[in-house]
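What follows is the content of target-v5.cif, which has mmCIF, C-alpha atoms:
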data_input
#
loop_
_atom_site.group_PDB
_atom_site.id
_atom_site.type_symbol
_atom_site.label_atom_id
_atom_site.label_comp_id
_atom_site.auth_asym_id
_atom_site.auth_seq_id
_atom_site.Cartn_x
_atom_site.Cartn_y
_atom_site.Cartn_z
ATOM 1 C CA MET A 278 0.239 7.117 -27.921
ATOM 2 C CA LEU A 279 -2.155 5.340 -25.591
ATOM 3 C CA ASP A 280 -5.075 6.981 -27.400
ATOM 4 C CA ASP A 281 -3.696 5.677 -30.696
ATOM 5 C CA PHE A 282 -3.219 2.145 -29.328
ATOM 6 C CA PRO A 283 -6.076 1.312 -26.918
ATOM 7 C CA GLN A 284 -4.749 -2.215 -26.402
ATOM 8 C CA ALA A 285 -1.335 -0.948 -25.277
ATOM 9 C CA VAL A 286 0.026 -1.495 -21.784
ATOM 10 C CA PRO A 287 2.114 1.316 -20.243
ATOM 11 C CA MET A 288 5.352 0.001 -18.720
ATOM 12 C CA ALA A 289 7.929 1.611 -16.439
ATOM 13 C CA GLY A 290 9.803 -1.044 -14.442
ATOM 14 C CA GLY A 291 8.278 -3.910 -16.382
ATOM 15 C CA LEU A 292 8.862 -6.813 -14.012
ATOM 16 C CA ASP A 293 5.344 -8.210 -14.277
ATOM 17 C CA VAL A 294 4.820 -7.205 -17.912
ATOM 18 C CA VAL A 295 8.027 -8.943 -19.020
ATOM 19 C CA THR A 296 7.244 -12.007 -16.915
ATOM 20 C CA GLY A 297 3.938 -12.259 -18.745
ATOM 21 C CA MET A 298 5.698 -11.921 -22.076
ATOM 22 C CA LYS A 299 8.010 -14.819 -21.196
ATOM 23 C CA THR A 300 4.984 -17.063 -20.779
ATOM 24 C CA GLY A 301 3.280 -15.799 -23.941
ATOM 25 C CA ALA A 302 0.654 -13.862 -21.998
ATOM 26 C CA GLY A 303 2.167 -10.422 -22.495
ATOM 27 C CA PRO A 304 0.611 -7.500 -24.380
ATOM 28 C CA SER A 305 0.991 -7.001 -28.108
ATOM 29 C CA VAL A 306 1.812 -3.289 -27.697
ATOM 30 C CA ILE A 307 3.851 -1.602 -24.953
ATOM 31 C CA VAL A 308 4.269 2.123 -24.329
ATOM 32 C CA TRP A 309 7.574 2.644 -22.519
ATOM 33 C CA LEU A 310 7.448 5.284 -19.768
ATOM 34 C CA GLY A 311 11.009 5.007 -18.495
ATOM 35 C CA GLY A 312 12.353 7.988 -20.401
ATOM 36 C CA ILE A 313 9.868 10.575 -19.135
ATOM 37 C CA ALA A 314 11.797 13.284 -17.309
ATOM 38 C CA GLY A 315 10.787 13.912 -13.716
ATOM 39 C CA ALA A 316 8.845 10.672 -13.412
ATOM 40 C CA HIS A 317 11.106 8.962 -10.907
ATOM 41 C CA LEU A 318 12.156 10.719 -7.704
ATOM 42 C CA PRO A 319 9.798 11.375 -4.759
ATOM 43 C CA VAL A 320 8.906 15.015 -4.078
ATOM 44 C CA LYS A 321 6.990 16.837 -1.401
ATOM 45 C CA ASP A 322 4.098 18.824 -2.860
ATOM 46 C CA GLY A 323 2.208 20.810 -0.237
ATOM 47 C CA ASP A 324 0.678 18.354 2.221
ATOM 48 C CA ASN A 325 1.521 15.287 0.121
ATOM 49 C CA LEU A 326 4.486 13.062 -0.521
ATOM 50 C CA VAL A 327 4.306 12.353 -4.263
ATOM 51 C CA LEU A 328 5.799 9.234 -5.818
ATOM 52 C CA PRO A 329 5.887 9.623 -9.624
ATOM 53 C CA ALA A 330 4.875 6.626 -11.726
ATOM 54 C CA GLY A 331 8.493 5.754 -12.515
ATOM 55 C CA CYS A 332 9.658 5.757 -8.878
ATOM 56 C CA SER A 333 11.310 2.442 -8.063
ATOM 57 C CA HIS A 334 11.196 0.842 -4.636
ATOM 58 C CA ASP A 335 14.877 1.654 -4.153
ATOM 59 C CA GLN A 336 14.424 5.290 -5.149
ATOM 60 C CA LEU A 337 11.750 5.588 -2.471
ATOM 61 C CA VAL A 338 13.912 3.934 0.178
ATOM 62 C CA ARG A 339 16.965 6.083 -0.648
ATOM 63 C CA SER A 340 15.036 9.357 -0.910
ATOM 64 C CA ALA A 341 16.006 11.988 1.666
ATOM 65 C CA VAL A 342 12.757 13.805 0.854
ATOM 66 C CA ALA A 343 10.662 10.731 1.643
ATOM 67 C CA ALA A 344 12.648 9.946 4.785
ATOM 68 C CA ALA A 345 12.108 13.448 6.147
ATOM 69 C CA ALA A 346 8.424 13.576 5.195
ATOM 70 C CA PHE A 347 7.321 10.084 6.244
ATOM 71 C CA PRO A 348 10.080 8.071 7.983
ATOM 72 C CA ASP A 349 7.776 5.177 8.915
ATOM 73 C CA LEU A 350 6.917 4.612 5.250
ATOM 74 C CA VAL A 351 10.573 4.434 4.250
ATOM 75 C CA ALA A 352 11.371 2.124 7.162
ATOM 76 C CA ALA A 353 8.577 -0.268 6.190
ATOM 77 C CA TRP A 354 9.474 -0.166 2.494
ATOM 78 C CA SER A 355 13.142 -0.937 3.129
ATOM 79 C CA GLY A 356 12.286 -4.551 3.956
ATOM 80 C CA LEU A 357 10.474 -5.302 0.719
ATOM 81 C CA ALA A 358 11.822 -7.724 -1.894
ATOM 82 C CA ASN A 359 15.450 -8.146 -2.936
ATOM 83 C CA ILE A 360 17.852 -5.601 -4.359
ATOM 84 C CA ARG A 361 17.202 -6.561 -8.007
ATOM 85 C CA ILE A 362 13.452 -6.124 -7.651
ATOM 86 C CA ARG A 363 13.831 -2.934 -5.612
ATOM 87 C CA ASN A 364 15.979 -1.368 -8.336
ATOM 88 C CA GLN A 365 13.848 -2.449 -11.286
ATOM 89 C CA GLY A 366 10.282 -2.582 -9.996
ATOM 90 C CA THR A 367 8.177 0.527 -9.432
ATOM 91 C CA VAL A 368 5.800 1.360 -6.609
ATOM 92 C CA VAL A 369 2.923 1.986 -9.035
ATOM 93 C CA GLY A 370 3.639 -1.196 -10.972
ATOM 94 C CA ASN A 371 3.500 -3.207 -7.765
ATOM 95 C CA VAL A 372 0.061 -1.782 -6.960
ATOM 96 C CA MET A 373 -1.382 -2.160 -10.438
ATOM 97 C CA ALA A 374 -0.126 -5.726 -10.929
ATOM 98 C CA GLY A 375 -2.877 -6.904 -8.586
ATOM 99 C CA VAL A 376 -0.791 -9.820 -7.260
ATOM 100 C CA ALA A 377 -2.023 -10.978 -3.857
ATOM 101 C CA GLY A 378 1.435 -11.343 -2.324
ATOM 102 C CA TYR A 379 2.653 -7.888 -3.333
ATOM 103 C CA GLU A 380 2.995 -5.414 -0.486
ATOM 104 C CA ALA A 381 2.799 -1.892 -1.916
ATOM 105 C CA ALA A 382 -1.001 -1.727 -1.827
ATOM 106 C CA VAL A 383 -1.027 -2.941 1.799
ATOM 107 C CA LEU A 384 1.269 -0.145 2.952
ATOM 108 C CA LEU A 385 -0.296 2.552 0.785
ATOM 109 C CA MET A 386 -3.821 1.694 1.932
ATOM 110 C CA ALA A 387 -2.673 1.965 5.553
ATOM 111 C CA ALA A 388 -1.164 5.361 4.696
ATOM 112 C CA TYR A 389 -4.412 6.684 3.126
ATOM 113 C CA ALA A 390 -2.704 7.019 -0.267
ATOM 114 C CA LYS A 391 -4.397 8.007 -3.516
ATOM 115 C CA LEU A 392 -3.564 7.471 -7.182
ATOM 116 C CA ALA A 393 -3.500 10.260 -9.754
ATOM 117 C CA VAL A 394 -4.694 8.728 -13.026
ATOM 118 C CA LEU A 395 -5.471 9.716 -16.597
ATOM 119 C CA SER A 396 -8.366 8.196 -18.513
ATOM 120 C CA PRO A 397 -8.596 8.142 -22.342
ATOM 121 C CA GLY A 398 -8.409 11.645 -23.755
ATOM 122 C CA GLY A 399 -6.373 12.905 -20.809
ATOM 123 C CA ALA A 400 -9.071 13.481 -18.186
ATOM 124 C CA GLU A 401 -7.557 13.540 -14.691
ATOM 125 C CA HIS A 402 -8.933 11.569 -11.752
ATOM 126 C CA VAL A 403 -7.910 10.819 -8.166
ATOM 127 C CA ILE A 404 -8.707 7.385 -6.746
ATOM 128 C CA LYS A 405 -8.006 6.026 -3.300
ATOM 129 C CA VAL A 406 -5.794 2.942 -3.322
ATOM 130 C CA SER A 407 -8.397 1.344 -1.054
ATOM 131 C CA ASP A 408 -11.042 1.889 -3.785
ATOM 132 C CA LEU A 409 -8.947 0.580 -6.659
ATOM 133 C CA GLU A 410 -10.694 -2.774 -7.075
ATOM 134 C CA ARG A 411 -14.143 -1.253 -6.814
ATOM 135 C CA GLU A 412 -13.364 1.505 -9.316
ATOM 136 C CA ASN A 413 -11.817 -0.378 -12.192
ATOM 137 C CA GLY A 414 -9.781 -3.372 -11.089
ATOM 138 C CA ALA A 415 -6.048 -3.658 -10.625
ATOM 139 C CA GLY A 416 -3.995 -3.426 -13.775
ATOM 140 C CA ALA A 417 -6.963 -2.336 -15.867
ATOM 141 C CA VAL A 418 -6.322 -0.453 -19.090
ATOM 142 C CA PRO A 419 -7.009 2.315 -20.239
ATOM 143 C CA TRP A 420 -5.909 3.965 -17.018
ATOM 144 C CA LEU A 421 -2.503 5.552 -16.796
ATOM 145 C CA VAL A 422 -1.373 6.124 -13.230
ATOM 146 C CA THR A 423 0.842 9.205 -13.115
ATOM 147 C CA ALA A 424 1.686 9.301 -9.399
ATOM 148 C CA VAL A 425 0.916 8.156 -5.880
ATOM 149 C CA HIS A 426 -0.112 10.910 -3.457
ATOM 150 C CA ILE A 427 0.468 10.119 0.217
ATOM 151 C CA PRO A 428 -1.086 12.693 2.568
ATOM 152 C CA LEU A 429 1.153 13.983 5.338
ATOM 153 C CA GLN A 430 0.072 15.092 8.765
ATOM 154 C CA LYS A 431 -0.183 18.713 9.691
ATOM 155 C CA LYS A 432 2.086 20.272 12.303
ATOM 156 C CA GLY A 433 1.281 19.011 15.783
ATOM 157 C CA ARG A 434 -0.050 15.674 14.523
ATOM 158 C CA GLU A 435 1.783 12.421 13.959
ATOM 159 C CA ARG A 436 1.179 9.651 11.447
ATOM 160 C CA ARG A 437 2.513 6.215 12.307
ATOM 161 C CA LEU A 438 2.794 3.356 9.839
ATOM 162 C CA ILE A 439 3.828 0.087 11.471
ATOM 163 C CA TYR A 440 4.214 -3.120 9.483
ATOM 164 C CA ASP A 441 4.655 -6.803 10.298
ATOM 165 C CA ARG A 442 5.656 -9.009 7.371
ATOM 166 C CA SER A 443 7.132 -11.830 9.475
ATOM 167 C CA LEU A 444 4.595 -14.368 8.165
ATOM 168 C CA ARG A 445 5.029 -13.610 4.487
ATOM 169 C CA PRO A 446 4.262 -14.943 1.964
ATOM 170 C CA ALA A 447 1.238 -16.234 3.865
ATOM 171 C CA LEU A 448 0.085 -12.849 5.166
ATOM 172 C CA SER A 449 1.165 -9.445 6.463
ATOM 173 C CA VAL A 450 -0.548 -6.678 8.427
ATOM 174 C CA ALA A 451 -0.008 -2.897 8.360
ATOM 175 C CA LEU A 452 -1.327 -0.414 10.932
ATOM 176 C CA GLY A 453 -1.893 3.245 10.080
ATOM 177 C CA LEU A 454 -2.381 5.514 13.077
ATOM 178 C CA ASP A 455 -2.929 9.287 13.226
ATOM 179 C CA THR A 456 -2.472 10.920 16.627
ATOM 180 C CA GLN A 457 -2.324 14.328 18.266
ATOM 181 C CA ASP A 458 -0.969 14.730 21.805
ATOM 182 C CA ARG A 459 -1.189 10.930 22.228
ATOM 183 C CA THR A 460 -4.873 10.928 21.306
ATOM 184 C CA ILE A 461 -5.869 8.773 18.337
ATOM 185 C CA LEU A 462 -7.554 10.668 15.509
ATOM 186 C CA ARG A 463 -8.104 7.656 13.245
ATOM 187 C CA ALA A 464 -6.680 4.184 12.772
ATOM 188 C CA ARG A 465 -6.887 1.431 10.180
ATOM 189 C CA ALA A 466 -5.446 -2.045 9.718
ATOM 190 C CA VAL A 467 -4.751 -3.695 6.361
ATOM 191 C CA LEU A 468 -4.315 -7.429 5.800
ATOM 192 C CA GLY A 469 -2.439 -8.576 2.718
ATOM 193 C CA GLY A 470 -1.249 -11.784 1.098
ATOM 194 C CA CYS A 471 -4.167 -14.194 1.356
ATOM 195 C CA HIS A 472 -6.898 -12.496 -0.691
ATOM 196 C CA GLY A 473 -7.081 -11.080 -4.197
ATOM 197 C CA ARG A 474 -6.810 -7.543 -2.823
ATOM 198 C CA PRO A 475 -5.784 -6.350 0.655
ATOM 199 C CA ILE A 476 -8.555 -6.252 3.257
ATOM 200 C CA LEU A 477 -9.050 -2.922 5.025
ATOM 201 C CA ARG A 478 -10.507 -2.587 8.499
ATOM 202 C CA GLU A 479 -11.171 0.769 10.165
ATOM 203 C CA LEU A 480 -10.508 0.664 13.909
ATOM 204 C CA PRO A 481 -13.075 2.417 16.166
ATOM 205 C CA LEU A 482 -10.392 4.205 18.169
ATOM 206 C CA ALA A 483 -11.063 7.875 17.377
ATOM 207 C CA SER A 484 -10.546 10.085 20.470
ATOM 208 C CA VAL A 485 -8.997 7.181 22.418
ATOM 209 C CA ASP A 486 -5.875 7.962 24.418
ATOM 210 C CA LEU A 487 -2.909 5.808 23.399
ATOM 211 C CA ASP A 488 -2.100 4.914 26.994
ATOM 212 C CA SER A 489 -5.591 3.504 27.489
ATOM 213 C CA LEU A 490 -4.894 0.878 24.818
ATOM 214 C CA ARG A 491 -2.576 -1.003 27.153
ATOM 215 C CA GLY A 492 -4.146 -4.325 27.982
ATOM 216 C CA GLN A 493 -6.792 -3.884 25.256
ATOM 217 C CA GLU A 494 -4.652 -4.879 22.268
ATOM 218 C CA SER A 495 -5.818 -8.494 22.113
ATOM 219 C CA ARG A 496 -9.516 -7.639 22.290
ATOM 220 C CA ILE A 497 -9.218 -4.919 19.638
ATOM 221 C CA ALA A 498 -7.160 -7.121 17.316
ATOM 222 C CA SER A 499 -9.554 -10.062 17.593
ATOM 223 C CA LYS A 500 -12.599 -7.887 16.933
ATOM 224 C CA THR A 501 -10.941 -6.188 13.952
ATOM 225 C CA PHE A 502 -10.393 -9.430 12.047
ATOM 226 C CA GLN A 503 -13.261 -11.523 13.402
ATOM 227 C CA ASP A 504 -15.200 -11.783 10.113
ATOM 228 C CA LEU A 505 -12.524 -12.519 7.545
ATOM 229 C CA PRO A 506 -13.585 -14.236 4.335
ATOM 230 C CA PRO A 507 -11.741 -17.466 3.466
ATOM 231 C CA PRO A 508 -8.477 -17.040 1.534
ATOM 232 C CA SER A 509 -9.100 -16.319 -2.138
ATOM 233 C CA ALA A 510 -5.506 -16.155 -3.363
ATOM 234 C CA ALA A 511 -3.413 -19.205 -4.210
ATOM 235 C CA TRP A 512 -3.261 -20.814 -0.787
ATOM 236 C CA LEU A 513 -1.473 -23.892 0.535
ATOM 237 C CA GLY A 514 -2.267 -23.582 4.232
ATOM 238 C CA THR A 515 -5.366 -24.329 6.271
ATOM 239 C CA PRO A 516 -8.355 -22.028 5.583
ATOM 240 C CA ASP A 517 -8.484 -20.720 9.144
ATOM 241 C CA TYR A 518 -4.816 -19.711 9.318
ATOM 242 C CA PRO A 519 -5.305 -16.023 8.328
ATOM 243 C CA ALA A 520 -8.203 -15.654 10.776
ATOM 244 C CA ALA A 521 -5.996 -17.055 13.529
ATOM 245 C CA MET A 522 -2.796 -15.160 12.743
ATOM 246 C CA ALA A 523 -3.939 -11.737 11.489
ATOM 247 C CA PRO A 524 -5.145 -10.713 14.980
ATOM 248 C CA ARG A 525 -1.819 -11.796 16.457
ATOM 249 C CA LEU A 526 0.129 -9.584 14.082
ATOM 250 C CA LEU A 527 -2.210 -6.653 14.763
ATOM 251 C CA PHE A 528 -1.780 -7.295 18.495
ATOM 252 C CA ARG A 529 1.981 -6.784 18.033
ATOM 253 C CA LEU A 530 1.449 -3.592 16.030
ATOM 254 C CA LEU A 531 -0.917 -2.084 18.593
ATOM 255 C CA GLY A 532 1.626 -2.854 21.289
ATOM 256 C CA ALA A 533 4.342 -1.162 19.271
ATOM 257 C CA ALA A 534 2.105 1.887 18.780
#
Could I get this file's structure written as structure tokens?
Amino acid sequence: MLDDFPQAVPMAGGLDVVTGMKTGAGPSVIVWLGGIAGAHLPVKDGDNLVLPAGCSHDQLVRSAVAAAAFPDLVAAWSGLANIRIRNQGTVVGNVMAGVAGYEAAVLLMAAYAKLAVLSPGGAEHVIKVSDLERENGAGAVPWLVTAVHIPLQKKGRERRLIYDRSLRPALSVALGLDTQDRTILRARAVLGGCHGRPILRELPLASVDLDSLRGQESRIASKTFQDLPPPSAAWLGTPDYPAAMAPRLLFRLLGAA
């Protein structure tokens, strides 16, 4: 159907598509995805937690499979939005909408997530959420995202995902941290809310012992976000607010880790 109607927009939850239609900016053709069997509930597939394109925020939060595979992700997601949005909106739709204040891309980037997509003709591709803007732009047609793949840690390793959204809608920060025997394997911080797309920063903490971070959180946090560009999203605050507050949120997250 998408091949037959190149201008069509695929829709599952439809929150952003319908909002656009209310203002006259919606698409002329919609391909409804809500009735596709098996396109809703999270599943564990090998070393990945897979969220099908139709998976709503609430289906992720209530999933026993997701909770067992990646409890930090479910805990972070449970604070998003209100119950109406969580029941209607989808994880994929939140990412592809490209709205600065949306939080799915922030959390998925911190969790090293990838998107499984189909291009015209049915060719399959895998794209990192962190590369989405560079590859084709959020919400761009003719992509069809079929699922989100979130890699899980192997036995003996731990993946932490810690999130601070206390300053939303101004900004939020997520910390992704992989460890083994309290030694950091890799770490990344993601800032969302004040730019067109979330800003990713890799932390130079590989091979660092977690206990040695004590007392270093402020220095690491300040260095991580020292070169932030000015806010590019709709912004009502002072231009230097994100640069001042993002390190403070990361400081909290490093302390929690």
Using the chain letters and numbers from the file, give me the residues hit by the PyMOL selection byres ((chain A and resi 338) around 7), as a PyMOL selection string.
-> chain A and resi 334-337+339-340+351+354-355
The PyMOL selection byres ((chain A and resi 508) around 12) applied to the shown file, residues as a ChimeraX atom specification | /A:377,447-448,468-476,505-507,509-520
Please write the residues picked by the PyMOL selection byres ((chain A and resi 502) around 8) on this file as an MDAnalysis selection string.
-> chainID A and resid 478 498:501 503:505 520 523:524
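Of the listed residues A:Arg496, A:Asp455, A:Ala374, A:Pro283, the one whose atoms come nearest to Thr296 of chain A is A:Ala374, with distances taken using only C-alpha atoms.
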Tell me, as number ranges by chain, which residues lie within 9 Å of Gly331 of chain A, counting all atoms listed in the file; anything in the same chain fewer than 5 positions away does not count.
-> A: 289-290, 310-311, 313, 315-318, 366-370, 423-424
Let me have the centre and edge lengths in Å, one decimal, of the box along x, y and z around every listed atom of segment 436-440 of chain A with 3 Å of margin on each side, as lines of an AutoDock Vina configuration file.
center_x = 2.7
center_y = 3.3
center_z = 10.9
size_x = 9.0
size_y = 18.8
size_z = 8.8
Show which residues sit within 8 Å of Ser396 of chain A, as a list in words. Count all atoms listed in the file, and ignore same-chain residues fewer than 5 positions away.
-> Glu401, His402, Pro419, Trp420 and Leu421 of chain A
Selection as a PyMOL selection string: residues within 12 Å of (-9.2, 3.3, -5.1), counting all atoms listed in the file | chain A and resi 372-373+382+385-386+389-394+402-415+422+425-426+474-475+477
May I have the residues from that selection written out with C-alpha atoms, as a tab-separated table (two decimals), in the coordinates of the input?
chain	number	residue	atom	x	y	z
A	372	VAL	CA	0.06	-1.78	-6.96
A	373	MET	CA	-1.38	-2.16	-10.44
A	382	ALA	CA	-1.00	-1.73	-1.83
A	385	LEU	CA	-0.30	2.55	0.78
A	386	MET	CA	-3.82	1.69	1.93
A	389	TYR	CA	-4.41	6.68	3.13
A	390	ALA	CA	-2.70	7.02	-0.27
A	391	LYS	CA	-4.40	8.01	-3.52
A	392	LEU	CA	-3.56	7.47	-7.18
A	393	ALA	CA	-3.50	10.26	-9.75
A	394	VAL	CA	-4.69	8.73	-13.03
A	402	HIS	CA	-8.93	11.57	-11.75
A	403	VAL	CA	-7.91	10.82	-8.17
A	404	ILE	CA	-8.71	7.38	-6.75
A	405	LYS	CA	-8.01	6.03	-3.30
A	406	VAL	CA	-5.79	2.94	-3.32
A	407	SER	CA	-8.40	1.34	-1.05
A	408	ASP	CA	-11.04	1.89	-3.78
A	409	LEU	CA	-8.95	0.58	-6.66
A	410	GLU	CA	-10.69	-2.77	-7.08
A	411	ARG	CA	-14.14	-1.25	-6.81
A	412	GLU	CA	-13.36	1.50	-9.32
A	413	ASN	CA	-11.82	-0.38	-12.19
A	414	GLY	CA	-9.78	-3.37	-11.09
A	415	ALA	CA	-6.05	-3.66	-10.62
A	422	VAL	CA	-1.37	6.12	-13.23
A	425	VAL	CA	0.92	8.16	-5.88
A	426	HIS	CA	-0.11	10.91	-3.46
A	474	ARG	CA	-6.81	-7.54	-2.82
A	475	PRO	CA	-5.78	-6.35	0.66
A	477	LEU	CA	-9.05	-2.92	5.03
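Atom CA of Asn325 of chain A is positioned 4.4 Å from atom CA of Pro428 of chain A.
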Any idea what the distance is between atom CA of Arg525 of chain A and atom CA of Ser443 of chain A?
-> 11.4 Å
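Using only C-alpha atoms, the nearest neighbour of Leu395 of chain A within the list A:Ala344, A:Leu292, A:Val327, A:Leu279 is A:Leu279.
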Would you work out the distance separating atom CA of Leu487 of chain A from atom CA of Leu384 of chain A, expressed in Å to one decimal?
->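 Value for the atom CA of Leu487 of chain A-atom CA of Leu384 of chain A distance: 21.7 Å.
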Which residues, written as number ranges by chain, have at least one atom at most 10 Å from Val294 of chain A, with only C-alpha atoms counted and residues fewer than 6 positions away on the same chain left out?
-> A: 286-288, 302-304, 307, 370, 374
Selection: 8 Å around Leu462 of chain A, all atoms listed in the file, excl. self and same-chain fewer than 6 positions, as a PDB file with C-alpha atoms, in the frame of the given file:
ATOM      1  CA  LEU A 454      -2.381   5.514  13.077  1.00  0.00           C
ATOM      2  CA  ASP A 455      -2.929   9.287  13.226  1.00  0.00           C
ATOM      3  CA  THR A 456      -2.472  10.920  16.627  1.00  0.00           C
ATOM      4  CA  LEU A 482     -10.392   4.205  18.169  1.00  0.00           C
ATOM      5  CA  ALA A 483     -11.063   7.875  17.377  1.00  0.00           C
ATOM      6  CA  SER A 484     -10.546  10.085  20.470  1.00  0.00           C
ATOM      7  CA  VAL A 485      -8.997   7.181  22.418  1.00  0.00           C
TER       8      VAL A 485
END
Of the listed residues A:Ala533, A:Ser495, A:Asp486, A:Pro481, that which approaches Leu452 of chain A most closely, counting only C-alpha atoms = A:Ala533
Output segment 509-532 of chain A with N, CA and C atoms present, as a JSON list (two decimals), keeping the file's coordinate frame.
[["chain", "number", "residue", "atom", "x", "y", "z"],
["A", 509, "SER", "N", -8.69, -16.24, -0.73],
["A", 509, "SER", "CA", -9.10, -16.32, -2.14],
["A", 509, "SER", "C", -7.91, -16.31, -3.07],
["A", 510, "ALA", "N", -6.71, -16.07, -2.55],
["A", 510, "ALA", "CA", -5.51, -16.16, -3.36],
["A", 510, "ALA", "C", -5.03, -17.60, -3.37],
["A", 511, "ALA", "N", -4.01, -17.87, -4.21],
["A", 511, "ALA", "CA", -3.41, -19.20, -4.21],
["A", 511, "ALA", "C", -2.94, -19.52, -2.80],
["A", 512, "TRP", "N", -3.44, -20.60, -2.22],
["A", 512, "TRP", "CA", -3.26, -20.81, -0.79],
["A", 512, "TRP", "C", -2.95, -22.28, -0.51],
["A", 513, "LEU", "N", -1.89, -22.53, 0.23],
["A", 513, "LEU", "CA", -1.47, -23.89, 0.54],
["A", 513, "LEU", "C", -1.73, -24.27, 1.99],
["A", 514, "GLY", "N", -2.06, -23.30, 2.82],
["A", 514, "GLY", "CA", -2.27, -23.58, 4.23],
["A", 514, "GLY", "C", -3.72, -23.92, 4.56],
["A", 515, "THR", "N", -4.00, -24.06, 5.84],
["A", 515, "THR", "CA", -5.37, -24.33, 6.27],
["A", 515, "THR", "C", -6.21, -23.07, 6.12],
["A", 516, "PRO", "N", -7.51, -23.20, 5.83],
["A", 516, "PRO", "CA", -8.36, -22.03, 5.58],
["A", 516, "PRO", "C", -8.46, -21.07, 6.76],
["A", 517, "ASP", "N", -8.30, -21.58, 7.98],
["A", 517, "ASP", "CA", -8.48, -20.72, 9.14],
["A", 517, "ASP", "C", -7.18, -20.05, 9.61],
["A", 518, "TYR", "N", -6.09, -20.28, 8.89],
["A", 518, "TYR", "CA", -4.82, -19.71, 9.32],
["A", 518, "TYR", "C", -4.82, -18.18, 9.33],
["A", 519, "PRO", "N", -5.28, -17.50, 8.27],
["A", 519, "PRO", "CA", -5.30, -16.02, 8.33],
["A", 519, "PRO", "C", -6.16, -15.50, 9.47],
["A", 520, "ALA", "N", -7.32, -16.12, 9.70],
["A", 520, "ALA", "CA", -8.20, -15.65, 10.78],
["A", 520, "ALA", "C", -7.55, -15.83, 12.14],
["A", 521, "ALA", "N", -6.67, -16.83, 12.26],
["A", 521, "ALA", "CA", -6.00, -17.06, 13.53],
["A", 521, "ALA", "C", -4.79, -16.14, 13.72],
["A", 522, "MET", "N", -4.07, -15.86, 12.61],
["A", 522, "MET", "CA", -2.80, -15.16, 12.74],
["A", 522, "MET", "C", -2.87, -13.65, 12.52],
["A", 523, "ALA", "N", -3.83, -13.18, 11.71],
["A", 523, "ALA", "CA", -3.94, -11.74, 11.49],
["A", 523, "ALA", "C", -4.14, -10.97, 12.80],
["A", 524, "PRO", "N", -5.01, -11.43, 13.70],
["A", 524, "PRO", "CA", -5.14, -10.71, 14.98],
["A", 524, "PRO", "C", -3.85, -10.71, 15.79],
["A", 525, "ARG", "N", -3.06, -11.75, 15.68],
["A", 525, "ARG", "CA", -1.82, -11.80, 16.46],
["A", 525, "ARG", "C", -0.81, -10.76, 15.94],
["A", 526, "LEU", "N", -0.76, -10.61, 14.62],
["A", 526, "LEU", "CA", 0.13, -9.58, 14.08],
["A", 526, "LEU", "C", -0.36, -8.19, 14.46],
["A", 527, "LEU", "N", -1.68, -7.96, 14.38],
["A", 527, "LEU", "CA", -2.21, -6.65, 14.76],
["A", 527, "LEU", "C", -1.98, -6.39, 16.25],
["A", 528, "PHE", "N", -2.07, -7.42, 17.07],
["A", 528, "PHE", "CA", -1.78, -7.30, 18.50],
["A", 528, "PHE", "C", -0.37, -6.74, 18.69],
["A", 529, "ARG", "N", 0.60, -7.27, 17.94],
["A", 529, "ARG", "CA", 1.98, -6.78, 18.03],
["A", 529, "ARG", "C", 2.06, -5.30, 17.63],
["A", 530, "LEU", "N", 1.38, -4.97, 16.55],
["A", 530, "LEU", "CA", 1.45, -3.59, 16.03],
["A", 530, "LEU", "C", 0.84, -2.60, 17.00],
["A", 531, "LEU", "N", -0.30, -2.96, 17.60],
["A", 531, "LEU", "CA", -0.92, -2.08, 18.59],
["A", 531, "LEU", "C", -0.01, -1.90, 19.81],
["A", 532, "GLY", "N", 0.66, -2.96, 20.19],
["A", 532, "GLY", "CA", 1.63, -2.85, 21.29],
["A", 532, "GLY", "C", 2.78, -1.94, 20.95]]
